[in-house]
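Okay, structure first, notes after.
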Amino acid sequence: MQDTAGTVAVLATGGTIAGTAERATDNIGYSAAQLGVRALVEAVPALAEVPLVTEQVAQLDSKDMDFAVWAALAARVAHHVARPEVAGIVITHGTDTLEETAYVLQRLLAPAKPVVMCAAMRPATALLRDGPQNLLDAVTLARQPGARGVMAVLSGTVHSAFDVRKVHSYRVDAFGSGDAGVLARIEEGQVRRLRDWPAGEPLGLDRIASGDWPWVEIVTSHAGARADGVRALVAAGVKGLVVAGTGNGSLHHALENALVEAQQAGVAVWRSTRCLDGPVQMKSGDRLPSAGTLTPVQARIELMLQLMRA
Ligand code: ASP
């Protein structure tokens with residue numbers, strides 16, 4: 001019987017890593033989410049040596065990620081984390097919303113084992129495909145003794161779920177960790193750790209058990225901003241608004257007035273920044289609370305999870 005200690009559960013959700021194009025030279029005109037999880041694993045001969053269990057949790061282009069897939073994925077991750085023979089979990093995912101899925105899983109589960117997201121910027125049919133190496137690196141990290149928390153691995157670089165963000169639309173090395181810096185590097189199958197593993201208190205799956213995710217939108221402050229968009233959202237029943245402000249969360253006066261009105265009407269409003277890095281620091285006279293160091297998309301998820309509090 002095969003030794004199952006150190007098993008890695010590979011949970012597939014689609015994305016470019018599972019994408020195919022008609023020509024090997026086509027890096028953008030492909031269809032995402034075409035290959036199943038077995039095909040992804042079989043493309044990496046070195047994985048034949050590793051005890052794996054595989055599951056196809058979803059099959060979608062991650063631009064279309066939704067709450068039902070998040071709930072299903074979180075439940076399967078929790079299931080595998082609880083199995084003693086499982087060392088870690090790998091999730092194959094699209095790059096477009098990878099940072100959102102990473103953040104929501106970390107906040108819900110704060111897993112005591114490594115949960116490693118991996119993706120690719122080139123489809124599986126490309127001349128220079130990055131998916132197989134990223135998958136191998138993800139499995140390496142999922143078996144790393146002492147590792148924990150939700151992370152992402154691409155281009156030999158490990159990012160924490162708290163910091164990962166897609167920073168380039170085309171380059172293979174498309175992810176960054178902002179001010180915080182990368183968590184680790186993977187070189188020739190060795191993990192070189194630079195910072196602590198992601199940790200924190202899990203909110204728990206009960207938080208999303210109702211399946212009723214409140215409607216929270218992101219609006220942006222910019223030159224010539226108007227109040228009308230925010231007023232229309234409030235009239236339509238939005239429950240929360242995250243504003244991506246300029247600089248230190250500053251807001252065009254027309255937008256700020258509309259957001260304060262929204263807050264007075266009972267809508268939760270958080271201020272983040274459209275800057276690529278840096279927090280929003282509160283100062284006297286501020287009328288809207290800061291989202292701290294959260295990016296606008298992270299702040300939106302956090303606000304939804306806070307509004308779902310039992
Ligand atoms: N649209 C694709 C996705 O997010 C892009 C990718 O995976 O690189 O699924």
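Quick note on naming: the chains in the structure tokens go A, B, ... in the order shown, residues restart at 1 in each chain, and ligands are numbered from 1 in order of appearance.
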Residues within 7 Å of ligand 1 should be enumerated using only C-alpha atoms and all ligand atoms and returned as number ranges by chain.
-> A: 14-17, 32, 60-63, 93-97, 119-122
Which residues are close to Leu40 in chain A, i.e. within 8 Å by only C-alpha atoms, leaving aside same-chain residues fewer than 5 positions away? Reply as a short mmCIF file (atom, residue, chain, number, x, y, z; two decimals) with all heavy atoms, in the first residue's frame.
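Saved as part07.cif:
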```cif
data_model
loop_
_atom_site.label_atom_id
_atom_site.label_comp_id
_atom_site.auth_asym_id
_atom_site.auth_seq_id
_atom_site.Cartn_x
_atom_site.Cartn_y
_atom_site.Cartn_z
N ILE A 17 -4.09 28.41 -16.08
CA ILE A 17 -3.24 27.24 -15.86
C ILE A 17 -3.88 26.00 -16.50
O ILE A 17 -3.19 25.08 -16.92
CB ILE A 17 -2.97 27.04 -14.35
CG1 ILE A 17 -1.84 26.03 -14.12
CG2 ILE A 17 -4.23 26.67 -13.57
CD1 ILE A 17 -1.31 25.99 -12.69
N ALA A 18 -5.20 26.02 -16.61
CA ALA A 18 -5.95 24.93 -17.25
C ALA A 18 -6.48 25.37 -18.61
O ALA A 18 -7.43 24.78 -19.15
CB ALA A 18 -7.10 24.48 -16.35
N LEU A 35 -8.69 22.22 -19.13
CA LEU A 35 -8.10 20.94 -18.72
C LEU A 35 -8.52 20.60 -17.29
O LEU A 35 -8.60 21.48 -16.43
CB LEU A 35 -6.57 21.01 -18.80
CG LEU A 35 -5.97 21.36 -20.16
CD1 LEU A 35 -4.45 21.41 -20.06
CD2 LEU A 35 -6.40 20.35 -21.22
N PRO A 132 3.20 24.32 -15.15
CA PRO A 132 3.77 23.12 -14.54
C PRO A 132 4.79 23.43 -13.44
O PRO A 132 4.77 22.82 -12.37
CB PRO A 132 4.39 22.38 -15.73
CG PRO A 132 3.54 22.80 -16.89
CD PRO A 132 3.21 24.24 -16.64
#
```
Smallest atom-to-atom distance to Val81 in chain A: which of A:Ala112, A:Val243, A:Ala258, A:Leu141, using only C-alpha atoms?
->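 So, comparing all the options, the nearest one is A:Ala112.
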Nearest residue to Gln306 in chain A from the set A:Arg107, A:Ser272, A:Asn257, A:Leu294 (distances using only C-alpha atoms) =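 Checking each candidate against Gln306 in chain A, we get A:Arg107 as the closest.
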For Ala43 in chain A, which of A:Met65, A:Leu135, A:Ala102, A:Ala110 is the closest residue, counting only C-alpha atoms?
-> A:Leu135
